[in-house]
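Engineer: Got a structure for you, questions after.
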Amino acid sequence: MKTGLLIAIERELKAFLEDGGEIETEEACGRTVYKTRIGGNEIFALCSGNGEIDAAAGTQLLIARYGCGQMLNFGVTGALDPALKVEDLFVVRKVCHYDYDVSPVDPVKPHQYAEFPDEFIPLDAALIEKARAAEPGLREAAAASGDRFIADRERKLELFGLGCQICDMEIAAIARVCWLNRVPCLSIKCISDTFEGDGGDFNTNVERSAAKTFRVLKAILLS
C-alpha cells in the first residue's frame, strides 16, 4: 500500500532517517519527499514543519500527488494530564482543533466542525486496533491540537477540561485533511514535555521520545 508519513520537525524525522532502510528523495512543491519501503508498504515521508497550515499542506500533497491510501503520523506530544510522564506512549483516538470556533454564527459548539457530532475529529478505528495489536498496552488518548506550543499551566488545565490528555500542533490538520479525502489516518505520540514542563523538557526529550514512537509505527507497518 502507498502510505504517507507526516512528521512535524527535523528532530522527529531523525528517527526515520536513521532507521537503516534505503531511502530515495525527490523535491515536490518545495518539499523534500523521502521514499522507501517498510514491509508491504511503499512509504512517502515528508517533514511538514510546525503548525496546522504546514501539516495540512503536507498531508494533501502526499495524498494528491503520491496517491497515499493511508496517512500515518508519529512524534512527540505535550502532557495535559498531570499524571502523565515523559516517554508515555499513546495512539490518538480523536482530536479537538481548539483554535477552531464558528459557534457565534453556526449551530455548533466551540471547536466543533459541523460534520461531527461533537468537538472531536475521530481517527481511523481499524488502524487504532492494528496499532494496539502491534504494541500491547498502547493507551488511547484524545488530543488537543492548535498553532501554539502550550507551556502555560492554566491553558493546559483548560484543554484538559475539554477531555484532552495530550496536545500537539499538527494532528488536527492531518485528521481533518484525511477525513476530507476519505483516507484513514493514524497517529502515535510519546510524551516529551510534562504538565509541569515549560518547554525545556521538550528540547531535552524530543529525539528520544520521537524514536520510541517510530519504533511502534514500524512495528505496525510490519504487522
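By order in the C-alpha cells, chains are A, B, ...; within a chain, residues start at 1; ligands start at 1, following the order shown.
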As a PyMOL selection string, please: every residue in segment 152-210 of chain A that DSSP puts in helix (DSSP H, G or I).

Structural biologist: chain A and resi 153-161+171-181+200-210

Engineer: Which residues are close to segment 39-42 of chain A, i.e. within 8 Å by only C-alpha atoms, leaving aside same-chain residues fewer than 5 positions away? Reply as a PyMOL selection string.

Structural biologist: chain A and resi 1-3+221-222

Engineer: Produce a file of the selected residues containing C-alpha atoms, as a PDB file, in the first residue's frame.

Structural biologist:
```
ATOM      1  CA  MET A   1       0.000   0.000   0.000  1.00  0.00           C
ATOM      2  CA  LYS A   2       1.107   3.574  -0.649  1.00  0.00           C
ATOM      3  CA  THR A   3       1.466   5.063   2.820  1.00  0.00           C
ATOM      4  CA  LEU A 221       3.789  -1.315   9.292  1.00  0.00           C
ATOM      5  CA  LEU A 222       5.466  -4.717   9.588  1.00  0.00           C
TER       6      LEU A 222
END
```

Engineer: Pick out the residues sitting within 8 Å of segment 6-8 of chain A, and hand them over as a ChimeraX atom specification; count only C-alpha atoms, and ignore anything fewer than 6 positions along from it in its own chain.

Structural biologist: /A:45-51,55,58-59,71-75,170

Engineer: Counting only C-alpha atoms, figure out which residue out of A:Tyr34, A:Trp179, A:Phe195, A:Phe90 gets nearest to Arg139 of chain A.

Structural biologist: A:Phe90

Engineer: Tell me, as a PyMOL selection string, which residues lie within 10 Å of segment 210-214 of chain A, counting only C-alpha atoms; anything in the same chain fewer than 6 positions away does not count.

Structural biologist: chain A and resi 7+11-16+18-19+73-77+87-91+187-192+220

Engineer: Applying 12 Å and only C-alpha atoms, which residues near Leu157 of chain A remain after dropping the ones on its own chain fewer than 6 positions away? List them as a PyMOL selection string.

Structural biologist: chain A and resi 79-82+144+150-151+163-167+195-196

Engineer: Those same residues - N, CA and C atoms - I'd like them written as a tab-separated table (two decimals), in the first residue's frame.

Structural biologist:
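Result went into result25.tsv, see below:
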```tsv
chain	number	residue	atom	x	y	z
A	79	ALA	N	1.98	16.89	27.64
A	79	ALA	CA	1.01	16.32	28.57
A	79	ALA	C	0.07	17.40	29.09
A	80	LEU	N	-1.22	17.15	29.00
A	80	LEU	CA	-2.23	17.98	29.64
A	80	LEU	C	-2.69	17.36	30.95
A	81	ASP	N	-2.58	16.06	31.05
A	81	ASP	CA	-2.93	15.32	32.26
A	81	ASP	C	-1.72	15.35	33.21
A	82	PRO	N	-1.86	15.88	34.41
A	82	PRO	CA	-0.71	15.97	35.33
A	82	PRO	C	-0.10	14.62	35.67
A	144	ALA	N	-5.56	17.60	22.02
A	144	ALA	CA	-5.88	18.98	21.67
A	144	ALA	C	-4.81	19.46	20.71
A	150	ILE	N	1.97	24.81	23.95
A	150	ILE	CA	1.28	25.06	25.21
A	150	ILE	C	2.24	24.83	26.38
A	151	ALA	N	2.65	25.92	27.01
A	151	ALA	CA	3.53	25.84	28.17
A	151	ALA	C	2.87	26.38	29.44
A	163	GLY	N	-11.47	17.44	27.86
A	163	GLY	CA	-11.42	15.99	27.72
A	163	GLY	C	-10.20	15.51	26.96
A	164	CYS	N	-9.16	16.36	26.87
A	164	CYS	CA	-7.94	16.01	26.15
A	164	CYS	C	-6.82	15.70	27.14
A	165	GLN	N	-6.06	14.65	26.85
A	165	GLN	CA	-4.96	14.27	27.72
A	165	GLN	C	-3.59	14.75	27.22
A	166	ILE	N	-3.48	14.99	25.89
A	166	ILE	CA	-2.21	15.38	25.29
A	166	ILE	C	-2.47	16.52	24.30
A	167	CYS	N	-1.38	17.19	23.88
A	167	CYS	CA	-1.54	18.29	22.92
A	167	CYS	C	-0.38	18.32	21.93
A	195	PHE	N	3.21	18.00	32.23
A	195	PHE	CA	2.30	19.07	32.65
A	195	PHE	C	3.07	20.20	33.32
A	196	GLU	N	4.07	19.88	34.10
A	196	GLU	CA	4.84	20.89	34.81
A	196	GLU	C	5.92	21.53	33.95
```

Engineer: With DSSP run on the backbone, what are the strand (DSSP E or B) residues within segment 23-124 of chain A? I'd like them as a PyMOL selection string.

Structural biologist: chain A and resi 24-28+31-38+41-47+70-79+89-97+121-122

Engineer: Any chance you could export the current selection's N, CA and C atoms as a CSV table (one decimal), in the first residue's frame?

Structural biologist:
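Resulting contents of out.csv:
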```csv
chain,number,residue,atom,x,y,z
A,24,GLU,N,15.2,7.1,-1.0
A,24,GLU,CA,15.4,8.0,-2.1
A,24,GLU,C,14.7,9.3,-1.8
A,25,THR,N,15.1,10.4,-2.4
A,25,THR,CA,14.5,11.7,-2.1
A,25,THR,C,14.1,12.3,-3.5
A,26,GLU,N,13.1,13.1,-3.4
A,26,GLU,CA,12.8,14.0,-4.5
A,26,GLU,C,12.1,15.3,-4.0
A,27,GLU,N,12.1,16.3,-4.8
A,27,GLU,CA,11.5,17.6,-4.5
A,27,GLU,C,10.1,17.7,-5.1
A,28,ALA,N,9.2,18.1,-4.3
A,28,ALA,CA,7.8,18.3,-4.8
A,28,ALA,C,7.2,19.5,-4.1
A,31,ARG,N,9.0,20.9,-1.2
A,31,ARG,CA,9.2,20.0,-0.1
A,31,ARG,C,10.1,18.8,-0.5
A,32,THR,N,10.8,18.3,0.5
A,32,THR,CA,11.6,17.0,0.2
A,32,THR,C,10.7,15.9,0.6
A,33,VAL,N,10.5,14.9,-0.3
A,33,VAL,CA,9.8,13.7,0.0
A,33,VAL,C,10.7,12.5,0.0
A,34,TYR,N,10.7,11.8,1.1
A,34,TYR,CA,11.6,10.6,1.3
A,34,TYR,C,10.8,9.3,0.9
A,35,LYS,N,11.4,8.5,0.1
A,35,LYS,CA,10.7,7.3,-0.4
A,35,LYS,C,11.4,6.1,0.0
A,36,THR,N,10.7,5.1,0.6
A,36,THR,CA,11.3,3.8,1.0
A,36,THR,C,10.2,2.8,1.1
A,37,ARG,N,10.6,1.6,1.5
A,37,ARG,CA,9.6,0.5,1.8
A,37,ARG,C,9.8,0.0,3.2
A,38,ILE,N,8.7,-0.3,3.8
A,38,ILE,CA,8.7,-0.9,5.1
A,38,ILE,C,7.6,-2.0,5.1
A,41,ASN,N,4.6,-1.9,2.6
A,41,ASN,CA,4.2,-0.5,2.4
A,41,ASN,C,5.2,0.3,1.6
A,42,GLU,N,4.7,1.0,0.6
A,42,GLU,CA,5.6,1.9,-0.1
A,42,GLU,C,5.4,3.3,0.6
A,43,ILE,N,6.5,3.7,1.2
A,43,ILE,CA,6.4,4.9,2.1
A,43,ILE,C,6.8,6.2,1.4
A,44,PHE,N,6.0,7.2,1.6
A,44,PHE,CA,6.3,8.6,1.2
A,44,PHE,C,6.3,9.5,2.4
A,45,ALA,N,7.4,9.9,2.8
A,45,ALA,CA,7.5,10.6,4.1
A,45,ALA,C,7.9,12.1,3.8
A,46,LEU,N,7.3,13.0,4.7
A,46,LEU,CA,7.5,14.4,4.5
A,46,LEU,C,7.6,15.1,5.9
A,47,CYS,N,8.6,15.9,6.0
A,47,CYS,CA,8.7,16.7,7.2
A,47,CYS,C,8.0,18.1,7.0
A,70,GLN,N,-3.3,5.7,2.9
A,70,GLN,CA,-3.4,5.9,4.4
A,70,GLN,C,-2.3,6.9,4.8
A,71,MET,N,-2.6,7.6,5.9
A,71,MET,CA,-1.7,8.6,6.4
A,71,MET,C,-1.3,8.2,7.8
A,72,LEU,N,0.0,8.2,8.1
A,72,LEU,CA,0.5,7.9,9.5
A,72,LEU,C,1.3,9.1,10.0
A,73,ASN,N,1.2,9.3,11.3
A,73,ASN,CA,2.0,10.4,11.9
A,73,ASN,C,2.6,9.8,13.2
A,74,PHE,N,3.8,10.2,13.4
A,74,PHE,CA,4.5,9.8,14.7
A,74,PHE,C,5.2,11.1,15.2
A,75,GLY,N,5.4,11.1,16.5
A,75,GLY,CA,6.1,12.3,17.1
A,75,GLY,C,5.8,12.5,18.5
A,76,VAL,N,6.3,13.6,19.0
A,76,VAL,CA,6.2,13.9,20.4
A,76,VAL,C,4.9,14.7,20.7
A,77,THR,N,4.6,14.8,22.0
A,77,THR,CA,3.4,15.5,22.4
A,77,THR,C,3.6,16.0,23.8
A,78,GLY,N,2.8,17.0,24.2
A,78,GLY,CA,2.8,17.6,25.5
A,78,GLY,C,1.7,17.0,26.3
A,79,ALA,N,2.0,16.9,27.6
A,79,ALA,CA,1.0,16.3,28.6
A,79,ALA,C,0.1,17.4,29.1
A,89,LEU,N,3.5,6.4,26.0
A,89,LEU,CA,3.1,6.2,24.6
A,89,LEU,C,1.6,6.2,24.5
A,90,PHE,N,1.1,6.8,23.3
A,90,PHE,CA,-0.3,6.8,23.1
A,90,PHE,C,-0.6,6.7,21.6
A,91,VAL,N,-1.8,6.1,21.3
A,91,VAL,CA,-2.4,6.2,20.0
A,91,VAL,C,-3.5,7.2,20.1
A,92,VAL,N,-3.6,8.2,19.2
A,92,VAL,CA,-4.6,9.2,19.2
A,92,VAL,C,-6.0,8.7,18.8
A,93,ARG,N,-6.9,8.7,19.6
A,93,ARG,CA,-8.3,8.2,19.3
A,93,ARG,C,-9.1,9.3,18.6
A,94,LYS,N,-8.9,10.5,19.0
A,94,LYS,CA,-9.7,11.7,18.4
A,94,LYS,C,-9.0,12.9,18.8
A,95,VAL,N,-9.3,14.0,18.1
A,95,VAL,CA,-8.5,15.3,18.3
A,95,VAL,C,-9.5,16.5,18.2
A,96,CYS,N,-9.3,17.4,19.1
A,96,CYS,CA,-10.0,18.7,19.2
A,96,CYS,C,-9.1,19.8,18.6
A,97,HIS,N,-9.6,20.4,17.5
A,97,HIS,CA,-8.9,21.6,17.0
A,97,HIS,C,-9.3,22.8,17.8
A,121,ILE,N,-12.5,15.4,16.1
A,121,ILE,CA,-12.4,14.7,14.8
A,121,ILE,C,-11.8,13.3,15.1
A,122,PRO,N,-12.5,12.2,14.7
A,122,PRO,CA,-12.1,10.9,15.0
A,122,PRO,C,-11.0,10.4,14.1
```

Engineer: Pick from A:Glu22, A:Tyr100, A:Val86, A:Asp152: nearest to Arg208 of chain A, with only C-alpha atoms counted?

Structural biologist: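 Nearest candidate to Arg208 of chain A out of A:Glu22, A:Tyr100, A:Val86, A:Asp152: A:Val86.
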
Engineer: Rounded to one decimal in Å, what is the spacing between atom CA of Gly197 of chain A and atom CA of Asp147 of chain A?

Structural biologist: 18.3 Å
